[in-house]
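Everything below concerns the one structure shown next.
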Amino acid sequence: MAQPVLAPARATRRPSTARPDVPRVEVAGPARRGVEFRLDADALDPTTIALAAARADVVHLVHSAALPTPAAVRALVSVLEDEVRAVGRDRDEVRVVLEVETVVADDEADAARRRIAVAYAEAFSGLTWSPSATWLVAPRDAVRAAALDLAARAGVDTVALVLVGSSARHADALGL
(Lines give C-alpha, C1' and ligand atoms only; values in the text may rest on other atoms or scores of the structure.)
Protein backbone atom coordinates (compact mmCIF):
# COMPACT_ATOMS: atom_id res chain seq x y z
CA MET A 1 0.00 0.00 0.00
CA ALA A 2 1.41 3.38 -1.03
CA GLN A 3 1.98 6.03 1.60
CA PRO A 4 0.24 9.35 0.97
CA VAL A 5 2.55 12.26 0.31
CA LEU A 6 1.94 15.15 2.65
CA ALA A 7 2.81 18.50 1.17
CA PRO A 8 3.43 21.39 3.50
CA ALA A 9 0.38 23.61 3.81
CA ARG A 10 0.78 27.15 2.54
CA ALA A 11 -1.48 30.01 3.47
CA THR A 12 -3.43 31.27 0.49
CA ARG A 13 -3.75 34.74 1.92
CA ARG A 14 -0.66 36.90 1.97
CA PRO A 15 0.23 38.40 5.34
CA SER A 16 0.07 42.19 5.61
CA THR A 17 3.87 42.30 5.54
CA ALA A 18 4.06 40.48 2.19
CA ARG A 19 5.35 41.99 -1.02
CA PRO A 20 3.01 44.58 -2.53
CA ASP A 21 1.75 44.21 -6.09
CA VAL A 22 3.29 47.56 -7.06
CA PRO A 23 6.10 49.51 -5.36
CA ARG A 24 5.01 51.57 -2.38
CA VAL A 25 6.30 54.62 -0.56
CA GLU A 26 5.86 54.99 3.19
CA VAL A 27 7.27 57.00 6.05
CA ALA A 28 9.60 54.83 8.12
CA GLY A 29 8.11 53.86 11.44
CA PRO A 30 8.22 51.18 14.10
CA ALA A 31 8.34 47.52 13.13
CA ARG A 32 5.10 45.84 12.20
CA ARG A 33 4.03 42.26 12.80
CA GLY A 34 6.11 39.47 11.41
CA VAL A 35 9.79 38.69 11.22
CA GLU A 36 11.94 41.60 10.09
CA PHE A 37 15.63 41.62 9.20
CA ARG A 38 17.76 44.75 8.77
CA LEU A 39 20.60 44.36 6.30
CA ASP A 40 22.97 47.25 6.86
CA ALA A 41 26.77 47.44 6.54
CA ASP A 42 27.28 45.36 9.70
CA ALA A 43 24.88 42.59 8.64
CA LEU A 44 25.83 42.07 4.99
CA ASP A 45 27.29 38.61 5.15
CA PRO A 46 26.17 35.36 3.49
CA THR A 47 24.83 33.87 6.72
CA THR A 48 22.60 36.83 7.56
CA ILE A 49 21.34 37.06 3.99
CA ALA A 50 20.51 33.33 4.03
CA LEU A 51 18.71 33.68 7.38
CA ALA A 52 16.73 36.66 6.09
CA ALA A 53 15.74 34.71 2.98
CA ALA A 54 14.60 31.74 5.06
CA ARG A 55 12.77 33.54 7.85
CA ALA A 56 11.94 37.16 7.09
CA ASP A 57 8.58 38.59 6.17
CA VAL A 58 10.25 41.99 5.64
CA VAL A 59 13.89 42.76 4.82
CA HIS A 60 15.05 46.33 5.39
CA LEU A 61 18.04 47.56 3.37
CA VAL A 62 20.05 50.61 4.35
CA HIS A 63 22.50 52.59 2.20
CA SER A 64 26.08 52.43 3.44
CA ALA A 65 29.60 51.87 2.14
CA ALA A 66 28.45 48.32 1.34
CA LEU A 67 25.33 49.56 -0.52
CA PRO A 68 26.41 52.95 -1.90
CA THR A 69 24.13 53.15 -4.95
CA PRO A 70 20.74 51.99 -6.21
CA ALA A 71 22.62 49.57 -8.51
CA ALA A 72 24.31 47.99 -5.48
CA VAL A 73 20.92 47.66 -3.80
CA ARG A 74 19.50 46.03 -6.95
CA ALA A 75 22.39 43.52 -6.92
CA LEU A 76 21.70 42.64 -3.27
CA VAL A 77 17.97 42.26 -4.01
CA SER A 78 18.89 39.81 -6.77
CA VAL A 79 21.06 37.80 -4.36
CA LEU A 80 18.27 37.84 -1.77
CA GLU A 81 15.72 36.65 -4.36
CA ASP A 82 18.04 33.76 -5.32
CA GLU A 83 18.35 32.80 -1.64
CA VAL A 84 14.57 32.97 -1.15
CA ARG A 85 14.07 30.57 -4.07
CA ALA A 86 16.89 28.32 -2.82
CA VAL A 87 15.10 27.74 0.49
CA GLY A 88 11.82 26.96 -1.29
CA ARG A 89 9.96 30.16 -0.50
CA ASP A 90 7.96 32.26 -2.91
CA ARG A 91 9.36 35.75 -3.55
CA ASP A 92 5.92 37.22 -2.87
CA GLU A 93 6.29 36.15 0.78
CA VAL A 94 9.13 38.61 1.38
CA ARG A 95 8.84 42.38 1.18
CA VAL A 96 12.10 44.23 0.51
CA VAL A 97 12.18 47.77 1.90
CA LEU A 98 14.87 50.35 1.17
CA GLU A 99 15.16 52.91 3.95
CA VAL A 100 16.22 56.28 2.56
CA GLU A 101 17.16 59.44 4.43
CA THR A 102 14.84 62.08 3.05
CA VAL A 103 14.91 65.85 3.11
CA VAL A 104 11.62 67.51 2.19
CA ALA A 105 12.12 70.95 0.66
CA ASP A 106 9.63 73.77 0.22
CA ASP A 107 10.24 74.09 -3.54
CA GLU A 108 12.81 73.17 -6.21
CA ALA A 109 15.10 76.11 -5.34
CA ASP A 110 15.09 75.05 -1.68
CA ALA A 111 15.80 71.44 -2.75
CA ALA A 112 18.79 72.60 -4.80
CA ARG A 113 20.18 74.53 -1.81
CA ARG A 114 19.69 71.51 0.45
CA ARG A 115 21.42 69.17 -2.05
CA ILE A 116 24.41 71.54 -2.06
CA ALA A 117 24.44 71.53 1.77
CA VAL A 118 24.43 67.72 1.86
CA ALA A 119 27.26 67.57 -0.70
CA TYR A 120 29.25 70.17 1.26
CA ALA A 121 28.90 68.25 4.53
CA GLU A 122 29.80 65.04 2.72
CA ALA A 123 33.00 66.58 1.33
CA PHE A 124 34.32 67.10 4.86
CA SER A 125 32.91 63.95 6.46
CA GLY A 126 35.51 61.41 5.36
CA LEU A 127 32.80 58.85 4.52
CA THR A 128 33.64 56.05 2.13
CA TRP A 129 30.30 56.43 0.35
CA SER A 130 28.27 59.34 -0.93
CA PRO A 131 25.16 60.40 0.98
CA SER A 132 24.44 62.98 -1.71
CA ALA A 133 23.92 60.06 -4.11
CA THR A 134 21.67 58.11 -1.75
CA TRP A 135 19.63 60.72 0.10
CA LEU A 136 16.33 61.80 -1.39
CA VAL A 137 16.09 65.59 -1.47
CA ALA A 138 12.96 66.90 -3.17
CA PRO A 139 10.09 69.35 -2.83
CA ARG A 140 7.10 67.99 -0.93
CA ASP A 141 5.03 67.51 -4.10
CA ALA A 142 7.82 65.54 -5.82
CA VAL A 143 8.90 63.24 -2.97
CA ARG A 144 6.51 60.40 -3.84
CA ALA A 145 7.49 60.36 -7.54
CA ALA A 146 11.20 60.47 -6.68
CA ALA A 147 10.78 57.60 -4.20
CA LEU A 148 8.86 55.48 -6.74
CA ASP A 149 11.59 56.12 -9.31
CA LEU A 150 14.17 55.02 -6.74
CA ALA A 151 12.16 51.86 -5.99
CA ALA A 152 12.18 50.99 -9.69
CA ARG A 153 15.93 51.62 -10.07
CA ALA A 154 16.81 49.68 -6.89
CA GLY A 155 14.39 46.80 -7.49
CA VAL A 156 12.77 47.05 -4.06
CA ASP A 157 9.12 46.64 -3.12
CA THR A 158 8.91 49.67 -0.85
CA VAL A 159 10.88 52.83 -0.17
CA ALA A 160 10.60 53.89 3.48
CA LEU A 161 11.33 57.57 3.93
CA VAL A 162 13.43 58.36 6.99
CA LEU A 163 12.57 62.03 7.38
CA VAL A 164 15.65 64.01 8.43
CA GLY A 165 15.54 67.01 10.74
CA SER A 166 12.71 69.45 10.14
CA SER A 167 11.42 67.28 7.28
CA ALA A 168 9.54 65.27 9.91
CA ARG A 169 6.97 68.08 10.08
CA HIS A 170 5.94 67.13 6.52
CA ALA A 171 5.05 63.52 7.39
CA ASP A 172 1.29 64.06 7.38
CA ALA A 173 1.37 66.40 4.37
CA LEU A 174 3.10 63.76 2.22
CA GLY A 175 -0.12 61.75 2.22
CA LEU A 176 1.59 58.36 2.40
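Every chain in the C-alpha coordinates has a letter given in the order shown (A, B, ...), and although residue numbers restart at 1 in each chain, ligands are simply numbered from 1 in the order shown.
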
Just list as an NGL selection string whatever in region 8-133 of chain A DSSP marks as strand (DSSP E). :A and (24-27 or 36-39 or 58-62 or 95-105)

Spatial neighbours of Ala105 (chain A), 6 Å, only C-alpha atoms, chain gap at least 3 places, as a list of chain:residue names: A:Asp110, A:Ala111, A:Ala138, A:Pro139

Shell of 10 Å around region 26-42 of chain A, only C-alpha atoms, local chain residues under 6 positions omitted, as a PyMOL selection string: chain A and resi 15-18+48-49+51-53+55-67+76+94-102+144+147+158-163+168+171-172+174-176

Helix (DSSP H, G or I) per DSSP on the backbone: members of region 71-160 of chain A, as a ChimeraX atom specification: /A:71-86,91-93,108-123,131-134,140-154

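Each of A:Val104, A:Leu44, A:Leu136, A:Ala119 was checked against Gly165 (chain A) using only C-alpha atoms; the smallest atom-to-atom distance is that of A:Val104.
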
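With distances restricted to only C-alpha atoms, A:Val156 is the closest residue to Arg91 (chain A) from A:Ala121, A:Ala112, A:Val73, A:Val156.
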
Counting only C-alpha atoms, which residue out of A:Leu148, A:Arg114, A:Ala133, A:Ala50 sits closest to Glu81 (chain A)? A:Ala50

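The smallest atom-to-atom distance between Arg24 (chain A) and any of A:Ala75, A:Ala145, A:Val118, A:Ala86, using only C-alpha atoms, is found for A:Ala145.
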
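Shortest atom-to-atom contact with Pro70 (chain A) among A:Gly155, A:Ala117, A:Gly88, A:Val164: A:Gly155, counting only C-alpha atoms.
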